[in-house]
Amino acid sequence: MTRWLRSLGGALLLLEVAAALSFLHHRYEEMVQALFRVQSQCPYVTRIYSIGRSVEGRHLYVLEFSDYPGIHEPLEPEFKYVGNMHGNEVLGRELLLQLSEFLCEEYRRGNERITHLIHDTRIHIMPSMNPDGYEVAAKQGPDSNGYLTGRNNANGVDLNRNFPDLNTFMYYSGEISGPNHHIPLPDNWKSQVEPETLAVIQWLSSYNFVLSANLHGGAVVANYPYDKSQDQRFRSHRRTVNTPTPDDKLFQKLAKTYSYAHGWMHRGWNCGDYFADGITNGASWYSLSKGMQDFNYLYTNCFEITLELSCNKFPPEEDLERQWMANREALVAFIEEVHQGIKGMVSDENNNGIAGAVISVQGISHDITSGDMGDYFRLLLPGTYTVTASAEGYQPQTVTTTVGPAAPSLVHFQLKQDVVRKPPERKASGTRTNNKALQKKVVPRATRRGTQR
């Protein structure tokens with residue numbers, strides 16, 4: 001009886017919070033005011049910062065939640081949500097504003113779950129990556145908004161087709177046992193991306209993000225990488241070529257976490273489409289080149305999925321509360337997924353953290369690296385794994401560890417300096433040869449037209 005009353009009280013509390021929130025579409029200035037209002041209500045656990053500006057000069061604001069805002073604490077993972085990448089797909093923007101208010105209010109109320117989440121996770125929330133496109137879409141309004149009106153940025157570029165194409169290089173290098181993580185960017189990449197894309201790439205380089213989702217509209221499904229098909233023989237707009245990552249089972253679990261916590265995504269039938277369990281591999285749906293979620297996986301330590309959240313890209317205001325109630329638990333549950341797998345410190349014999357150490361898991365051909373302080377985070381499903389840490393100038397160390405279904409396993413590495421070997425003496429006669437492997441330049445294919453994500 002006591003447990004039932006406690007559950008009822010919690011439900012009534014959440015309903016009270018939901019009723020206190022404003023379910024409105026927020027133009028840019030109103031969005032900024034909403035973010036700063038949350039920051040003023042929870043000043044000790046929030047921080048607002050800008051990662052750059054849009055083409056028309058609008059700030060790309062991020063609201064951070066942490067018990068030490070602005071500071072990376074060793075062994076505390078970094079998480080991010082990005083909304084409104086396509087300016088006319090607006091539900092994600094409003095949900096992230098609602099989530100920001102919800103986290104602040106529940107923290108102030110002493111909600112144990114939210115308090116633990118904020119104390120144990122550094123959460124970054126960007127409601128709008130494309131504020132210029134949103135303003136174009138908002139002028140049309142939800143009733144007369146065109147399907148593509150405001151989708152692109154002010155230069156007419158689709159930001160989810162604007163990241164460097166690392167897939168093509170990865171698919172080629174995989175055939176010659178090349179790198180499977182942190183693939184370098186082409187020399188001229190800055191001249192090929194928009195200001196918003198440039199700001200996000202620099203943002204990804206500044207924080208050691210572990211898990212992420214970007215919020216879209218036009219369908220209802222949790223989409224996971226790879227987005228770009230490896231099989232380029234198919235030329236049609238919609239082709240079904242499943243292209244899994246080495247972490248495919250993990251990505252499916254992450255996607256299902258959201259879809260089954262969502263009000264109806266997991267049912268599969270939405271918007272005239274059917275996706276089993278409410279999830280899909282991106283390339284299995286249709287191939288997308290130069291997308292943000294593949295870029296996260298191939299260039300950083302971050303595992304990102306794409307959340308398609310509504311059939312209507314610009315839903316009317318009267319539908320926003322229903323959508324919030326359908327997504328609230330899923331938004332929180334997905335953040336909690338950052339706390340799984342293994343994590344630890346990679347240090348030298350003097351306990352100094354080693355940045356950039358490579359963490360390899362036997363049987364999974366995708367490595368991650370330690371952050372600036374030497375801490376690392378490797379998302380993994382429950383099981384037993386053989387894990388190796390290696391760094392230039394140090395002897396690698398290998399351990400076997402078991403991952404449970406709850407909190408991440410703590411696995412530290414202390415690497416010994418490698419013995420300096422004396423270089424071989426040069427022969428008195430003969431010529432020296434250069435045995436560097438020839439490097440082939442991969443030319444990315446042109447971006448496909450007509451895709452949605």
# chains A, B, ... in the order shown; residues from 1 in each chain; ligands from 1
$ closest_atom_pairs --of "stretch 310-382 of chain A" --to "stretch 123-136 of chain A" --cutoff "12 Å" --atoms "only C-alpha atoms" --output "Markdown table"
| residue | atom | partner | partner_atom | distance |
| --- | --- | --- | --- | --- |
| A:Lys313 | CA | A:Tyr134 | CA | 11.4 |
| A:Phe314 | CA | A:Tyr134 | CA | 10.1 |
| A:Leu331 | CA | A:Ile125 | CA | 11.4 |
| A:Val332 | CA | A:Ile123 | CA | 10.9 |
| A:Phe334 | CA | A:Ile123 | CA | 11.6 |
| A:Ile335 | CA | A:Ile123 | CA | 8.1 |
| A:Glu336 | CA | A:Ile123 | CA | 10.5 |
| A:Val338 | CA | A:Ile123 | CA | 10.4 |
$ closest_atom_pairs --of "stretch 183-221 of chain A" --to "stretch 361-376 of chain A" --cutoff "12 Å" --atoms "only C-alpha atoms" --output "tab-separated table"
residue	atom	partner	partner_atom	distance
A:Ile183	CA	A:Asp367	CA	11.1
A:Ser205	CA	A:Gly371	CA	10.6
A:Ser206	CA	A:Asp372	CA	9.9
A:Tyr207	CA	A:Gly371	CA	8.5
A:Asn208	CA	A:Gly371	CA	6.2
A:Phe209	CA	A:Gly371	CA	9.6
A:Val210	CA	A:Tyr376	CA	9.1
$ closest_residue --among "A:Glu101, A:Glu112, A:Asp120, A:Glu56" --to "A:Asn155" --atoms "only C-alpha atoms"
A:Glu56
$ atom_distance --atom1 "atom CA of A:Ser212" --atom2 "atom CA of A:Leu307"
10.4 Å
$ select_by_dssp --residues "stretch 180-418 of chain A" --states "strand (DSSP E)" --output "PyMOL selection string"
chain A and resi 209-216+219-224+269-270+273-274+279-281+303-310+342-347+358-361+364-369+375-378+383-390+397-403+409-410+413-414
$ closest_residue --among "A:Gln252, A:Ser409, A:Gln98, A:Asn301" --to "A:Thr280" --atoms "only C-alpha atoms"
A:Gln252
$ residues_around --residues "A:Ser22" --least-positions-apart "6" --cutoff "10 Å" --atoms "only C-alpha atoms" --output "PDB file with all heavy atoms, in the first residue's frame"
ATOM      1  N   GLU A  94      11.618  22.069 -29.073  1.00  0.00           N
ATOM      2  CA  GLU A  94      10.716  22.327 -27.947  1.00  0.00           C
ATOM      3  C   GLU A  94      10.874  21.280 -26.848  1.00  0.00           C
ATOM      4  O   GLU A  94      10.797  21.598 -25.661  1.00  0.00           O
ATOM      5  CB  GLU A  94       9.273  22.366 -28.453  1.00  0.00           C
ATOM      6  CG  GLU A  94       9.000  23.450 -29.480  1.00  0.00           C
ATOM      7  CD  GLU A  94       9.413  24.840 -29.016  1.00  0.00           C
ATOM      8  OE1 GLU A  94       9.334  25.114 -27.791  1.00  0.00           O
ATOM      9  OE2 GLU A  94       9.829  25.651 -29.867  1.00  0.00           O
ATOM     10  N   LEU A  97      13.865  22.187 -24.714  1.00  0.00           N
ATOM     11  CA  LEU A  97      13.553  23.278 -23.778  1.00  0.00           C
ATOM     12  C   LEU A  97      12.734  22.742 -22.603  1.00  0.00           C
ATOM     13  O   LEU A  97      12.977  23.103 -21.447  1.00  0.00           O
ATOM     14  CB  LEU A  97      12.795  24.391 -24.503  1.00  0.00           C
ATOM     15  CG  LEU A  97      13.585  25.209 -25.529  1.00  0.00           C
ATOM     16  CD1 LEU A  97      12.680  26.228 -26.200  1.00  0.00           C
ATOM     17  CD2 LEU A  97      14.775  25.898 -24.875  1.00  0.00           C
ATOM     18  N   GLN A  98      11.762  21.872 -22.910  1.00  0.00           N
ATOM     19  CA  GLN A  98      10.968  21.265 -21.841  1.00  0.00           C
ATOM     20  C   GLN A  98      11.851  20.411 -20.927  1.00  0.00           C
ATOM     21  O   GLN A  98      11.704  20.436 -19.705  1.00  0.00           O
ATOM     22  CB  GLN A  98       9.856  20.398 -22.442  1.00  0.00           C
ATOM     23  CG  GLN A  98       8.832  21.144 -23.269  1.00  0.00           C
ATOM     24  CD  GLN A  98       7.938  22.040 -22.440  1.00  0.00           C
ATOM     25  OE1 GLN A  98       7.796  21.854 -21.241  1.00  0.00           O
ATOM     26  NE2 GLN A  98       7.323  23.018 -23.081  1.00  0.00           N
ATOM     27  N   GLU A 101      13.840  22.628 -18.506  1.00  0.00           N
ATOM     28  CA  GLU A 101      13.015  23.079 -17.381  1.00  0.00           C
ATOM     29  C   GLU A 101      12.727  21.925 -16.419  1.00  0.00           C
ATOM     30  O   GLU A 101      12.730  22.097 -15.202  1.00  0.00           O
ATOM     31  CB  GLU A 101      11.717  23.677 -17.905  1.00  0.00           C
ATOM     32  CG  GLU A 101      11.879  24.992 -18.642  1.00  0.00           C
ATOM     33  CD  GLU A 101      10.534  25.667 -18.891  1.00  0.00           C
ATOM     34  OE1 GLU A 101       9.762  25.831 -17.924  1.00  0.00           O
ATOM     35  OE2 GLU A 101      10.261  26.017 -20.049  1.00  0.00           O
ATOM     36  N   GLU A 317       0.818  23.861 -31.580  1.00  0.00           N
ATOM     37  CA  GLU A 317       1.121  24.003 -30.152  1.00  0.00           C
ATOM     38  C   GLU A 317       0.255  23.104 -29.281  1.00  0.00           C
ATOM     39  O   GLU A 317       0.705  22.615 -28.249  1.00  0.00           O
ATOM     40  CB  GLU A 317       0.958  25.469 -29.734  1.00  0.00           C
ATOM     41  CG  GLU A 317       2.070  26.358 -30.269  1.00  0.00           C
ATOM     42  CD  GLU A 317       1.953  27.791 -29.784  1.00  0.00           C
ATOM     43  OE1 GLU A 317       0.845  28.170 -29.317  1.00  0.00           O
ATOM     44  OE2 GLU A 317       2.950  28.537 -29.857  1.00  0.00           O
ATOM     45  N   LEU A 320       1.930  19.813 -28.416  1.00  0.00           N
ATOM     46  CA  LEU A 320       3.244  19.789 -27.773  1.00  0.00           C
ATOM     47  C   LEU A 320       3.214  19.092 -26.417  1.00  0.00           C
ATOM     48  O   LEU A 320       4.161  18.361 -26.067  1.00  0.00           O
ATOM     49  CB  LEU A 320       3.783  21.209 -27.622  1.00  0.00           C
ATOM     50  CG  LEU A 320       4.119  21.940 -28.927  1.00  0.00           C
ATOM     51  CD1 LEU A 320       4.649  23.338 -28.629  1.00  0.00           C
ATOM     52  CD2 LEU A 320       5.132  21.143 -29.752  1.00  0.00           C
ATOM     53  N   GLU A 321       2.171  19.293 -25.633  1.00  0.00           N
ATOM     54  CA  GLU A 321       2.119  18.653 -24.314  1.00  0.00           C
ATOM     55  C   GLU A 321       2.033  17.130 -24.453  1.00  0.00           C
ATOM     56  O   GLU A 321       2.706  16.395 -23.728  1.00  0.00           O
ATOM     57  CB  GLU A 321       0.933  19.173 -23.497  1.00  0.00           C
ATOM     58  CG  GLU A 321       0.878  18.583 -22.101  1.00  0.00           C
ATOM     59  CD  GLU A 321      -0.176  19.228 -21.222  1.00  0.00           C
ATOM     60  OE1 GLU A 321      -0.911  20.118 -21.722  1.00  0.00           O
ATOM     61  OE2 GLU A 321      -0.270  18.852 -20.037  1.00  0.00           O
TER      62      GLU A 321
END
$ atom_distance --atom1 "atom CA of A:Asn223" --atom2 "atom CA of A:Ile201"
20.9 Å
$ select_by_dssp --residues "stretch 107-304 of chain A" --states "helix (DSSP H, G or I)" --output "number ranges by chain"
A: 107-109, 112-120, 131-144, 159-161, 166-175, 189-192, 195-206, 248-261, 265-267, 276-278, 282-285, 292-299
